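Peer 1: Structure file my_file_39.cif (mmCIF, C-alpha atoms) is given on the next line.
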data_start
#
loop_
_atom_site.group_PDB
_atom_site.id
_atom_site.type_symbol
_atom_site.label_atom_id
_atom_site.label_comp_id
_atom_site.auth_asym_id
_atom_site.auth_seq_id
_atom_site.Cartn_x
_atom_site.Cartn_y
_atom_site.Cartn_z
ATOM 1 C CA MET A 159 -73.810 -4.066 33.084
ATOM 2 C CA ALA A 160 -72.725 -0.488 32.989
ATOM 3 C CA SER A 161 -70.058 -1.247 35.533
ATOM 4 C CA GLN A 162 -68.828 -4.128 33.351
ATOM 5 C CA THR A 163 -68.455 -1.949 30.275
ATOM 6 C CA GLN A 164 -66.877 0.693 32.453
ATOM 7 C CA GLY A 165 -64.449 -1.942 33.810
ATOM 8 C CA ILE A 166 -63.651 -3.089 30.254
ATOM 9 C CA GLN A 167 -63.103 0.524 29.196
ATOM 10 C CA LEU A 168 -60.777 0.961 32.173
ATOM 11 C CA LEU A 169 -58.856 -2.187 31.237
ATOM 12 C CA LEU A 170 -58.555 -1.097 27.594
ATOM 13 C CA ALA A 171 -57.308 2.338 28.656
ATOM 14 C CA ALA A 172 -54.799 0.730 31.029
ATOM 15 C CA GLU A 173 -53.659 -1.637 28.268
ATOM 16 C CA LYS A 174 -53.260 1.309 25.884
ATOM 17 C CA ARG A 175 -51.180 3.250 28.455
ATOM 18 C CA ALA A 176 -49.051 0.152 29.072
ATOM 19 C CA ALA A 177 -48.485 -0.291 25.329
ATOM 20 C CA GLU A 178 -47.499 3.381 25.048
ATOM 21 C CA LYS A 179 -45.076 3.013 27.967
ATOM 22 C CA VAL A 180 -43.550 -0.130 26.388
ATOM 23 C CA ALA A 181 -43.208 1.647 23.036
ATOM 24 C CA GLU A 182 -41.591 4.653 24.714
ATOM 25 C CA ALA A 183 -39.236 2.338 26.633
ATOM 26 C CA LYS A 184 -38.261 0.604 23.371
ATOM 27 C CA LYS A 185 -37.563 3.987 21.756
ATOM 28 C CA ARG A 186 -35.418 5.055 24.742
ATOM 29 C CA LYS A 187 -33.536 1.763 24.610
ATOM 30 C CA ALA A 188 -32.927 2.138 20.868
ATOM 31 C CA ARG A 189 -31.648 5.717 21.401
ATOM 32 C CA ARG A 190 -29.348 4.552 24.213
ATOM 33 C CA LEU A 191 -28.005 1.701 22.082
ATOM 34 C CA LYS A 192 -27.376 4.046 19.156
ATOM 35 C CA GLN A 193 -25.683 6.555 21.458
ATOM 36 C CA ALA A 194 -23.540 3.809 23.011
ATOM 37 C CA LYS A 195 -22.612 2.520 19.558
ATOM 38 C CA ASP A 196 -21.642 6.018 18.402
ATOM 39 C CA GLU A 197 -19.564 6.603 21.535
ATOM 40 C CA ALA A 198 -17.848 3.242 21.113
ATOM 41 C CA GLN A 199 -17.121 4.031 17.457
ATOM 42 C CA GLU A 200 -15.620 7.393 18.445
ATOM 43 C CA GLU A 201 -13.504 5.698 21.085
ATOM 44 C CA VAL A 202 -12.284 3.073 18.622
ATOM 45 C CA GLU A 203 -11.430 5.746 16.058
ATOM 46 C CA LYS A 204 -9.610 7.801 18.688
ATOM 47 C CA TYR A 205 -7.615 4.749 19.810
ATOM 48 C CA ARG A 206 -6.782 3.805 16.204
ATOM 49 C CA GLN A 207 -5.565 7.324 15.485
ATOM 50 C CA GLU A 208 -3.496 7.341 18.676
ATOM 51 C CA ARG A 209 -1.850 4.008 17.785
ATOM 52 C CA GLU A 210 -1.210 5.166 14.233
ATOM 53 C CA ASN A 211 0.511 8.303 15.536
ATOM 54 C CA GLN A 212 2.606 6.203 17.918
ATOM 55 C CA PHE A 213 3.627 3.949 15.033
ATOM 56 C CA LYS A 214 4.603 6.914 12.862
ATOM 57 C CA GLU A 215 6.697 8.334 15.698
ATOM 58 C CA PHE A 216 8.347 4.936 16.205
ATOM 59 C CA GLU A 217 9.010 4.616 12.484
ATOM 60 C CA ILE A 218 10.594 8.061 12.271
ATOM 61 C CA LYS A 219 12.613 7.491 15.440
ATOM 62 C CA HIS A 220 13.984 4.076 14.486
ATOM 63 C CA MET A 221 14.036 4.061 10.710
ATOM 64 C CA GLY A 222 13.952 7.668 9.619
ATOM 65 C CA SER A 223 11.433 9.152 7.300
ATOM 66 C CA ARG A 224 10.497 7.784 3.902
ATOM 67 C CA GLU A 225 11.623 11.005 2.255
ATOM 68 C CA PHE A 226 15.094 10.495 3.732
ATOM 69 C CA PHE A 227 15.367 7.016 2.209
ATOM 70 C CA ALA A 228 14.003 8.185 -1.130
ATOM 71 C CA ALA A 229 16.549 11.019 -1.232
ATOM 72 C CA ARG A 230 19.358 8.632 -0.308
ATOM 73 C CA ILE A 231 18.369 6.160 -3.027
ATOM 74 C CA ASP A 232 18.171 8.978 -5.588
ATOM 75 C CA ALA A 233 21.619 10.215 -4.576
ATOM 76 C CA ASP A 234 23.135 6.715 -4.791
ATOM 77 C CA THR A 235 21.532 6.165 -8.189
ATOM 78 C CA LYS A 236 22.879 9.469 -9.501
ATOM 79 C CA ILE A 237 26.395 8.587 -8.292
ATOM 80 C CA LYS A 238 26.278 5.177 -9.995
ATOM 81 C CA ILE A 239 24.989 6.680 -13.244
ATOM 82 C CA ASP A 240 27.760 9.281 -13.175
ATOM 83 C CA GLU A 241 30.366 6.526 -12.618
ATOM 84 C CA MET A 242 28.971 4.570 -15.565
ATOM 85 C CA ASN A 243 29.037 7.649 -17.790
ATOM 86 C CA LYS A 244 32.668 8.294 -16.817
ATOM 87 C CA ALA A 245 33.552 4.661 -17.610
ATOM 88 C CA VAL A 246 31.889 5.029 -21.011
ATOM 89 C CA ILE A 247 33.862 8.194 -21.749
ATOM 90 C CA VAL A 248 37.156 6.586 -20.664
ATOM 91 C CA ASN A 249 36.667 3.290 -22.534
ATOM 92 C CA LYS A 250 34.731 4.511 -25.566
ATOM 93 C CA GLU A 251 37.729 4.979 -27.887
ATOM 94 C CA ALA A 252 39.340 1.672 -26.907
ATOM 95 C CA VAL A 253 36.119 -0.272 -27.511
ATOM 96 C CA ILE A 254 35.545 1.407 -30.888
ATOM 97 C CA ASP A 255 39.154 0.623 -31.880
ATOM 98 C CA GLN A 256 38.740 -3.052 -30.897
ATOM 99 C CA ILE A 257 35.499 -3.370 -32.850
ATOM 100 C CA LEU A 258 37.001 -1.720 -35.909
ATOM 101 C CA GLU A 259 40.117 -3.928 -35.670
ATOM 102 C CA LEU A 260 37.938 -7.038 -35.665
ATOM 103 C CA VAL A 261 35.910 -5.740 -38.602
ATOM 104 C CA TYR A 262 38.973 -4.742 -40.668
ATOM 105 C CA ASP A 263 40.987 -7.886 -39.855
ATOM 106 C CA ILE A 264 39.749 -10.012 -42.733
ATOM 107 C CA LYS A 265 41.643 -13.222 -43.480
ATOM 108 C CA PRO A 266 40.346 -14.675 -46.718
ATOM 109 C CA GLU A 267 40.526 -18.477 -46.609
ATOM 110 C CA LEU A 268 38.479 -21.341 -47.868
ATOM 111 C CA HIS A 269 35.857 -22.901 -45.701
ATOM 112 C CA LYS A 270 36.900 -26.263 -44.226
ATOM 113 C CA ASN A 271 34.081 -28.086 -46.022
ATOM 114 C CA PHE A 272 35.170 -26.605 -49.311
ATOM 115 C CA LYS A 273 38.785 -27.676 -48.630
ATOM 116 C CA ALA A 274 37.688 -31.261 -47.974
ATOM 117 C CA ALA A 275 35.701 -31.357 -51.189
ATOM 118 C CA ALA A 276 38.661 -29.924 -53.164
ATOM 119 C CA ASN A 277 41.090 -32.513 -51.733
ATOM 120 C CA LYS A 278 38.832 -35.452 -52.773
ATOM 121 C CA GLU A 279 38.948 -34.473 -56.407
#
Represent the supplied structure as C-alpha cells.
Peer 2:
Amino acid sequence: MASQTQGIQLLLAAEKRAAEKVAEAKKRKARRLKQAKDEAQEEVEKYRQERENQFKEFEIKHMGSREFFAARIDADTKIKIDEMNKAVIVNKEAVIDQILELVYDIKPELHKNFKAAANKE
C-alpha cells in the first residue's frame, strides 16, 4: 500500500511539473506573439512613413509645394483687386454723373391711368 501511495504521489508530482511546463510554454508563446505583433506594428509604421515621404517627394516634384500655390493665388487675388480698384477710380465720376442725371431728369406728366379717366369725363 505504501508503494501505491508513493506511486500516486509520484504521478501527482509529475502532473504538477507537466502543468508548470505547459503554463510556462503558454507564457513563452504569449510573449513571442506579443513581440511578433510589436515588430509587425513597427514594420507597418516604418513602411507607412516611407510611403508617405515618397508621396510628399512626388507631390513636390510634380506639383510644387502647397505654399507655392497659396502664394500664387494670393498674388493673383491682389492683382485682380488692384485692377478693380483702378476701374472704380476711373469710372467713379462717370457713374455718379449718370446717376445724378437720372435723378435730376424729372419729366412731370400724368399717369396713363389718370389720363384715361380724364378723357372719359
Peer 1: One number please: atom CA of A:Ala229 to atom CA of A:Gln212, in Å, one decimal.
Peer 2: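 Calculated distance between atom CA of A:Ala229 and atom CA of A:Gln212 is 24.2 Å.
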Peer 1: Please report the interatomic distance between atom CA of A:Phe227 and atom CA of A:Met242 in Å with one decimal.
Peer 2: 22.5 Å
Peer 1: To one decimal in Å, tell me the separation between atom CA of A:Ala172 and atom CA of A:Arg190.
Peer 2: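 The value is 26.6 Å.
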Peer 1: Once N, CA and C atoms are restored for stretch 201-235 of chain A, what would the output be as a short mmCIF file (atom, residue, chain, number, x, y, z; two decimals), keeping the file's coordinate frame?
Peer 2:
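Output (result37.cif):
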data_model
loop_
_atom_site.label_atom_id
_atom_site.label_comp_id
_atom_site.auth_asym_id
_atom_site.auth_seq_id
_atom_site.Cartn_x
_atom_site.Cartn_y
_atom_site.Cartn_z
N GLU A 201 -14.61 6.16 20.26
CA GLU A 201 -13.50 5.70 21.08
C GLU A 201 -12.55 4.81 20.28
N VAL A 202 -13.11 3.94 19.47
CA VAL A 202 -12.28 3.07 18.62
C VAL A 202 -11.47 3.91 17.64
N GLU A 203 -12.11 4.88 17.02
CA GLU A 203 -11.43 5.75 16.06
C GLU A 203 -10.32 6.55 16.74
N LYS A 204 -10.61 7.05 17.93
CA LYS A 204 -9.61 7.80 18.69
C LYS A 204 -8.42 6.91 19.02
N TYR A 205 -8.69 5.68 19.47
CA TYR A 205 -7.62 4.75 19.81
C TYR A 205 -6.80 4.39 18.57
N ARG A 206 -7.47 4.14 17.45
CA ARG A 206 -6.78 3.80 16.20
C ARG A 206 -5.87 4.94 15.79
N GLN A 207 -6.36 6.16 15.86
CA GLN A 207 -5.56 7.32 15.48
C GLN A 207 -4.36 7.47 16.41
N GLU A 208 -4.58 7.25 17.70
CA GLU A 208 -3.50 7.34 18.68
C GLU A 208 -2.41 6.30 18.38
N ARG A 209 -2.82 5.07 18.09
CA ARG A 209 -1.85 4.01 17.78
C ARG A 209 -1.12 4.30 16.47
N GLU A 210 -1.83 4.82 15.51
CA GLU A 210 -1.21 5.17 14.23
C GLU A 210 -0.15 6.26 14.43
N ASN A 211 -0.46 7.25 15.24
CA ASN A 211 0.51 8.30 15.54
C ASN A 211 1.73 7.73 16.27
N GLN A 212 1.50 6.83 17.21
CA GLN A 212 2.61 6.20 17.92
C GLN A 212 3.49 5.42 16.95
N PHE A 213 2.86 4.71 16.01
CA PHE A 213 3.63 3.95 15.03
C PHE A 213 4.45 4.88 14.15
N LYS A 214 3.87 5.96 13.70
CA LYS A 214 4.60 6.91 12.86
C LYS A 214 5.79 7.49 13.61
N GLU A 215 5.59 7.83 14.89
CA GLU A 215 6.70 8.33 15.70
C GLU A 215 7.79 7.28 15.84
N PHE A 216 7.39 6.03 16.09
CA PHE A 216 8.35 4.94 16.20
C PHE A 216 9.11 4.76 14.90
N GLU A 217 8.39 4.80 13.80
CA GLU A 217 9.01 4.62 12.48
C GLU A 217 10.03 5.71 12.21
N ILE A 218 9.67 6.94 12.50
CA ILE A 218 10.59 8.06 12.27
C ILE A 218 11.80 7.95 13.20
N LYS A 219 11.54 7.57 14.45
CA LYS A 219 12.61 7.49 15.44
C LYS A 219 13.61 6.38 15.10
N HIS A 220 13.12 5.23 14.69
CA HIS A 220 13.98 4.08 14.49
C HIS A 220 14.44 3.87 13.04
N MET A 221 13.68 4.32 12.10
CA MET A 221 14.04 4.06 10.71
C MET A 221 14.21 5.33 9.90
N GLY A 222 13.88 6.44 10.40
CA GLY A 222 13.95 7.67 9.62
C GLY A 222 12.71 7.81 8.77
N SER A 223 12.63 8.91 8.10
CA SER A 223 11.43 9.15 7.30
C SER A 223 11.59 8.55 5.91
N ARG A 224 10.48 8.35 5.25
CA ARG A 224 10.50 7.78 3.90
C ARG A 224 11.19 8.75 2.93
N GLU A 225 11.01 10.02 3.14
CA GLU A 225 11.62 11.00 2.26
C GLU A 225 13.15 10.91 2.34
N PHE A 226 13.65 10.63 3.55
CA PHE A 226 15.09 10.50 3.73
C PHE A 226 15.62 9.33 2.90
N PHE A 227 14.92 8.18 2.97
CA PHE A 227 15.37 7.02 2.21
C PHE A 227 15.24 7.26 0.71
N ALA A 228 14.18 7.90 0.30
CA ALA A 228 14.00 8.18 -1.13
C ALA A 228 15.12 9.10 -1.62
N ALA A 229 15.47 10.10 -0.84
CA ALA A 229 16.55 11.02 -1.23
C ALA A 229 17.87 10.28 -1.28
N ARG A 230 18.10 9.39 -0.33
CA ARG A 230 19.36 8.63 -0.31
C ARG A 230 19.46 7.70 -1.51
N ILE A 231 18.37 7.05 -1.86
CA ILE A 231 18.37 6.16 -3.03
C ILE A 231 18.61 6.96 -4.30
N ASP A 232 17.96 8.12 -4.41
CA ASP A 232 18.17 8.98 -5.59
C ASP A 232 19.62 9.41 -5.70
N ALA A 233 20.22 9.77 -4.57
CA ALA A 233 21.62 10.22 -4.58
C ALA A 233 22.54 9.06 -4.99
N ASP A 234 22.32 7.88 -4.43
CA ASP A 234 23.14 6.72 -4.79
C ASP A 234 22.99 6.38 -6.27
N THR A 235 21.77 6.45 -6.78
CA THR A 235 21.53 6.16 -8.19
C THR A 235 22.26 7.17 -9.07
#
